[in-house]
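Undergrad: This is input.txt (compact mmCIF, C-alpha atoms).
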```
# COMPACT_ATOMS: atom_id res chain seq x y z
CA VAL A 1 0.00 0.00 0.00
CA ASN A 2 2.77 2.42 0.93
CA GLU A 3 4.61 1.66 -2.32
CA LEU A 4 1.45 2.18 -4.34
CA LYS A 5 0.83 5.52 -2.62
CA ARG A 6 4.40 6.63 -3.33
CA ALA A 7 4.46 5.45 -6.93
CA PHE A 8 1.01 6.69 -7.93
CA ASN A 9 0.71 9.91 -5.98
CA GLY A 10 -0.42 12.54 -8.48
CA LYS A 11 -1.00 10.02 -11.28
CA SER A 12 -4.30 9.64 -13.10
CA SER A 13 -7.03 7.68 -11.38
CA GLU A 14 -7.36 5.52 -14.52
CA LEU A 15 -3.72 4.45 -14.13
CA CYS A 16 -4.35 3.74 -10.44
CA ASP A 17 -7.31 1.53 -11.41
CA LEU A 18 -4.91 -0.56 -13.48
CA ALA A 19 -2.46 -0.64 -10.57
CA TYR A 20 -5.27 -1.90 -8.34
CA ILE A 21 -5.65 -4.96 -10.57
CA GLU A 22 -1.98 -5.78 -9.96
CA LEU A 23 -2.36 -5.09 -6.24
CA GLN A 24 -5.39 -7.38 -6.03
CA GLN A 25 -3.49 -10.17 -7.76
CA LEU A 26 -0.68 -9.73 -5.24
CA LEU A 27 -3.12 -9.76 -2.31
CA ASP A 28 -4.80 -12.90 -3.69
CA SER A 29 -1.41 -14.58 -3.97
CA VAL A 30 -0.36 -13.54 -0.47
CA GLU A 31 -3.68 -14.78 0.93
CA PHE A 32 -3.22 -18.13 -0.81
CA HIS A 33 0.34 -18.58 0.48
CA LEU A 34 -0.55 -17.47 4.00
CA ASN A 35 -3.29 -20.11 4.09
CA GLU A 36 -0.89 -22.75 2.79
CA LYS A 37 1.44 -21.86 5.63
CA LEU A 38 -1.46 -21.85 8.11
CA ASP A 39 -2.43 -25.39 7.02
CA ASN A 40 0.94 -26.68 8.19
CA ASP A 41 0.99 -24.69 11.43
CA THR A 42 0.20 -26.57 14.65
CA THR A 43 -0.87 -23.46 16.60
CA ASN A 44 -4.43 -23.58 17.93
CA TYR A 45 -5.86 -20.62 15.99
CA ASN A 46 -9.38 -21.47 17.18
CA LEU A 47 -8.45 -19.54 20.33
CA LEU A 48 -8.89 -16.39 18.23
CA PHE A 49 -12.64 -17.02 18.24
CA GLU A 50 -13.07 -17.83 21.92
CA LYS A 51 -13.73 -15.41 24.75
CA ALA A 52 -10.52 -16.29 26.60
CA LYS A 53 -7.47 -14.01 26.64
CA LEU A 54 -5.24 -14.68 23.66
CA PRO A 55 -1.67 -15.89 24.06
CA VAL A 56 0.88 -13.20 23.16
CA LYS A 57 1.96 -15.12 20.03
CA LEU A 58 -1.60 -15.06 18.66
CA GLN A 59 -2.10 -11.41 19.62
CA LYS A 60 1.02 -10.49 17.64
CA ALA A 61 0.04 -12.65 14.66
CA LYS A 62 -3.45 -11.13 14.54
CA LYS A 63 -2.11 -7.59 14.81
CA GLU A 64 0.47 -8.18 12.06
CA LEU A 65 -2.20 -9.56 9.73
CA GLU A 66 -4.51 -6.62 10.45
CA ASN A 67 -1.70 -4.12 9.82
CA ASN A 68 -1.22 -5.66 6.38
CA GLY A 69 -4.85 -5.91 5.28
CA PHE A 70 -5.68 -9.46 6.33
CA ASP A 71 -7.55 -11.14 9.15
CA TYR A 72 -8.41 -14.55 10.51
CA ALA A 73 -11.82 -16.05 9.82
CA SER A 74 -13.43 -19.33 10.79
CA SER A 75 -15.98 -21.59 9.16
CA GLU A 76 -17.11 -24.95 10.47
CA GLY A 77 -14.24 -24.96 12.97
CA ILE A 78 -11.58 -24.32 10.33
CA VAL A 79 -9.52 -21.16 10.70
CA TYR A 80 -8.26 -19.44 7.58
CA ILE A 81 -6.82 -16.08 6.53
CA THR A 82 -8.87 -13.68 4.49
CA GLN A 83 -8.38 -10.26 2.96
CA ASN A 84 -9.81 -7.29 4.78
CA ARG A 85 -11.20 -5.43 1.80
CA SER A 86 -11.83 -2.35 3.93
CA PHE A 87 -8.05 -2.00 4.23
CA VAL A 88 -7.60 -1.01 0.58
CA ILE A 89 -10.63 1.28 0.80
CA ARG A 90 -9.30 2.95 3.94
CA HIS A 91 -5.84 3.54 2.49
CA LEU A 92 -6.27 3.92 -1.27
CA LEU A 93 -9.85 4.74 -2.26
CA SER A 94 -9.12 8.34 -3.25
CA TYR A 95 -6.56 7.18 -5.85
CA PHE A 96 -9.16 5.41 -8.00
CA THR A 97 -11.85 6.47 -10.46
CA LYS A 98 -15.39 6.92 -9.13
CA THR A 99 -16.36 3.72 -10.92
CA MET A 100 -13.63 1.71 -9.19
CA GLN A 101 -14.53 3.31 -5.88
CA THR A 102 -18.16 2.26 -6.31
CA TYR A 103 -17.09 -1.28 -7.21
CA LEU A 104 -14.68 -1.61 -4.26
CA ILE A 105 -17.25 -0.32 -1.79
CA GLN A 106 -19.83 -2.82 -3.08
CA ILE A 107 -17.42 -5.76 -2.91
CA ASP A 108 -16.41 -4.75 0.61
CA LYS A 109 -20.09 -4.59 1.62
CA GLU A 110 -20.76 -8.02 0.15
CA ASN A 111 -17.74 -9.50 1.91
CA LYS A 112 -18.82 -8.04 5.26
CA GLU A 113 -22.36 -9.37 4.85
CA GLY A 114 -21.12 -12.79 3.75
CA PHE A 115 -23.10 -14.99 1.43
CA MET A 116 -22.82 -18.65 2.31
CA GLU A 117 -21.91 -20.74 5.34
CA ASP A 118 -21.93 -24.52 5.51
CA ALA A 119 -23.31 -24.72 1.94
CA GLY A 120 -26.28 -22.55 2.90
CA ILE A 121 -27.10 -19.02 1.82
CA THR A 122 -26.90 -16.68 4.81
CA ILE A 123 -28.08 -13.34 3.43
CA THR A 124 -31.69 -12.22 3.34
CA PRO A 125 -33.74 -12.57 0.17
CA GLN A 126 -33.75 -8.76 -0.12
CA GLN A 127 -29.94 -8.59 0.15
CA TYR A 128 -29.72 -11.31 -2.48
CA VAL A 129 -31.99 -9.50 -4.91
CA ASP A 130 -30.20 -6.20 -4.24
CA ARG A 131 -26.87 -7.80 -5.15
CA VAL A 132 -28.13 -9.27 -8.40
CA ILE A 133 -29.71 -5.97 -9.41
CA TRP A 134 -26.60 -4.00 -8.34
CA HIS A 135 -24.35 -6.14 -10.53
CA GLU A 136 -26.78 -6.03 -13.47
CA ASN A 137 -27.00 -2.23 -13.29
CA PHE A 138 -23.28 -1.74 -12.75
CA ILE A 139 -22.46 -3.88 -15.80
CA VAL A 140 -24.89 -1.93 -17.99
CA GLU A 141 -23.72 1.46 -16.69
CA ASN A 142 -19.99 0.67 -16.94
CA PRO A 143 -19.39 -1.43 -20.07
CA ASP A 144 -15.71 -0.39 -20.23
CA PHE A 145 -14.88 -0.99 -16.56
CA VAL A 146 -11.49 -2.66 -16.14
CA LEU A 147 -12.96 -5.36 -13.86
CA LEU A 148 -16.14 -5.93 -15.86
CA LYS A 149 -15.32 -9.64 -16.14
CA ASN A 150 -15.34 -9.91 -12.32
CA CYS A 151 -18.74 -8.21 -12.17
CA LYS A 152 -20.11 -10.64 -14.72
CA MET A 153 -18.73 -13.59 -12.73
CA TYR A 154 -20.38 -12.32 -9.53
CA LYS A 155 -23.68 -11.84 -11.36
CA LYS A 156 -23.47 -15.31 -12.90
CA ALA A 157 -22.70 -16.95 -9.55
CA TYR A 158 -25.53 -15.15 -7.78
CA LEU A 159 -28.02 -15.99 -10.53
CA THR A 160 -26.86 -19.62 -10.65
CA TYR A 161 -27.46 -20.13 -6.92
CA LEU A 162 -30.72 -18.21 -7.13
CA LEU A 163 -32.00 -20.44 -9.92
CA THR A 164 -30.58 -23.77 -8.75
CA GLY A 165 -30.25 -23.43 -5.00
CA ILE A 166 -27.34 -24.90 -3.07
CA ASP A 167 -26.88 -27.90 -0.78
CA ASN A 168 -28.36 -26.46 2.44
CA THR A 169 -30.49 -23.81 0.75
CA SER A 170 -32.33 -25.86 -1.80
CA LEU A 171 -34.52 -24.40 -4.48
CA TYR A 172 -37.51 -26.52 -3.45
CA ASP A 173 -39.01 -27.22 -0.04
CA TYR A 174 -40.19 -30.56 -1.36
CA GLU A 175 -38.77 -31.40 -4.75
CA ASP A 176 -41.56 -33.88 -5.49
CA ASP A 177 -44.13 -31.05 -5.17
CA SER A 178 -41.91 -28.56 -7.01
CA LYS A 179 -42.80 -26.05 -4.27
CA LEU A 180 -40.19 -23.28 -4.22
CA SER A 181 -38.52 -22.64 -0.89
```
Kindly transcribe the structure held in the file into structure tokens.
TA:
Amino acid sequence: VNELKRAFNGKSSELCDLAYIELQQLLDSVEFHLNEKLDNDTTNYNLLFEKAKLPVKLQKAKKELENNGFDYASSEGIVYITQNRSFVIRHLLSYFTKTMQTYLIQIDKENKEGFMEDAGITITPQQYVDRVIWHENFIVENPDFVLLKNCKMYKKAYLTYLLTGIDNTSLYDYEDDSKLS
């Protein structure tokens, strides 16, 4: 983040949008490698999600991750590292075009709200519909957006689960009756 600020200070927001793509690829790679490392670590990271006082080692690890735009998350008892998308917004949002800013804020919102847990959809029907409509409108309004492909993938995924359901959020209450859930 500091390097991006230094290198792109005063540059066009369009150029910074392109730099964001590179930054996101780096963050994705770092997240992947951190999780690989976490898989081989014998530390009990589940303590991060309990009420008890954290050991100093875990406090330091959590703080270091947070300072670099990552955090620990847990699903079904498995701890993993995830990107804190608010980190980029907090530090870099003003460098980007209004379109990129809108996109990043939406993706951050969706990440905070979640979507699925244990193969079940966790957002409300209204949130779900709002997301599909947001992506549809954004795609139409920004046909030249540098991350248009990502928007289309989000829209496709949301529509797919909406139309087919998912393991623990099936499309039908009773498939024999074809009664929608």
Undergrad: Rounded to one decimal in Å, what is the spacing between atom CA of Ala61 of chain A and atom CA of Arg85 of chain A?
TA: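 Computed distance, atom CA of Ala61 of chain A to atom CA of Arg85 of chain A, equals 18.5 Å.
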Undergrad: Pick out the residues sitting within 12 Å of Phe8 of chain A, and hand them over as a list of chain:residue names; count all atoms listed in the file, and ignore anything fewer than 5 positions along from it in its own chain.
TA: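 With the cut-off at 12 Å, the set is A:Val1, A:Asn2, A:Glu3, A:Ser13, A:Glu14, A:Leu15, A:Cys16, A:Asp17, A:Leu18, A:Ala19, A:Tyr20, A:Leu92, A:Ser94, A:Tyr95, A:Phe96.
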Undergrad: Work out how far apart atom CA of Val88 of chain A and atom CA of Gly69 of chain A are and give it in Å to one decimal.
TA: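 Separating atom CA of Val88 of chain A from atom CA of Gly69 of chain A is a distance of 7.3 Å.
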Undergrad: Which of these, A:Thr164, A:Gln83, A:Thr102, A:Thr43, has the shortest distance to Gln25 of chain A once you count only C-alpha atoms?
TA: A:Gln83
Undergrad: From the list A:Met100, A:Val140, A:Val132, A:Leu47, which residue is nearest Ile78 of chain A when using all atoms listed in the file?
TA: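 Nearest to Ile78 of chain A: A:Leu47.
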Undergrad: Considering only C-alpha atoms, state which residue in the set A:Asn111, A:Glu136, A:Ser75, A:Asn168 is at the smallest distance from Met153 of chain A.
TA: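 Going through A:Asn111, A:Glu136, A:Ser75, A:Asn168 one by one, the smallest distance to Met153 of chain A is for A:Glu136.
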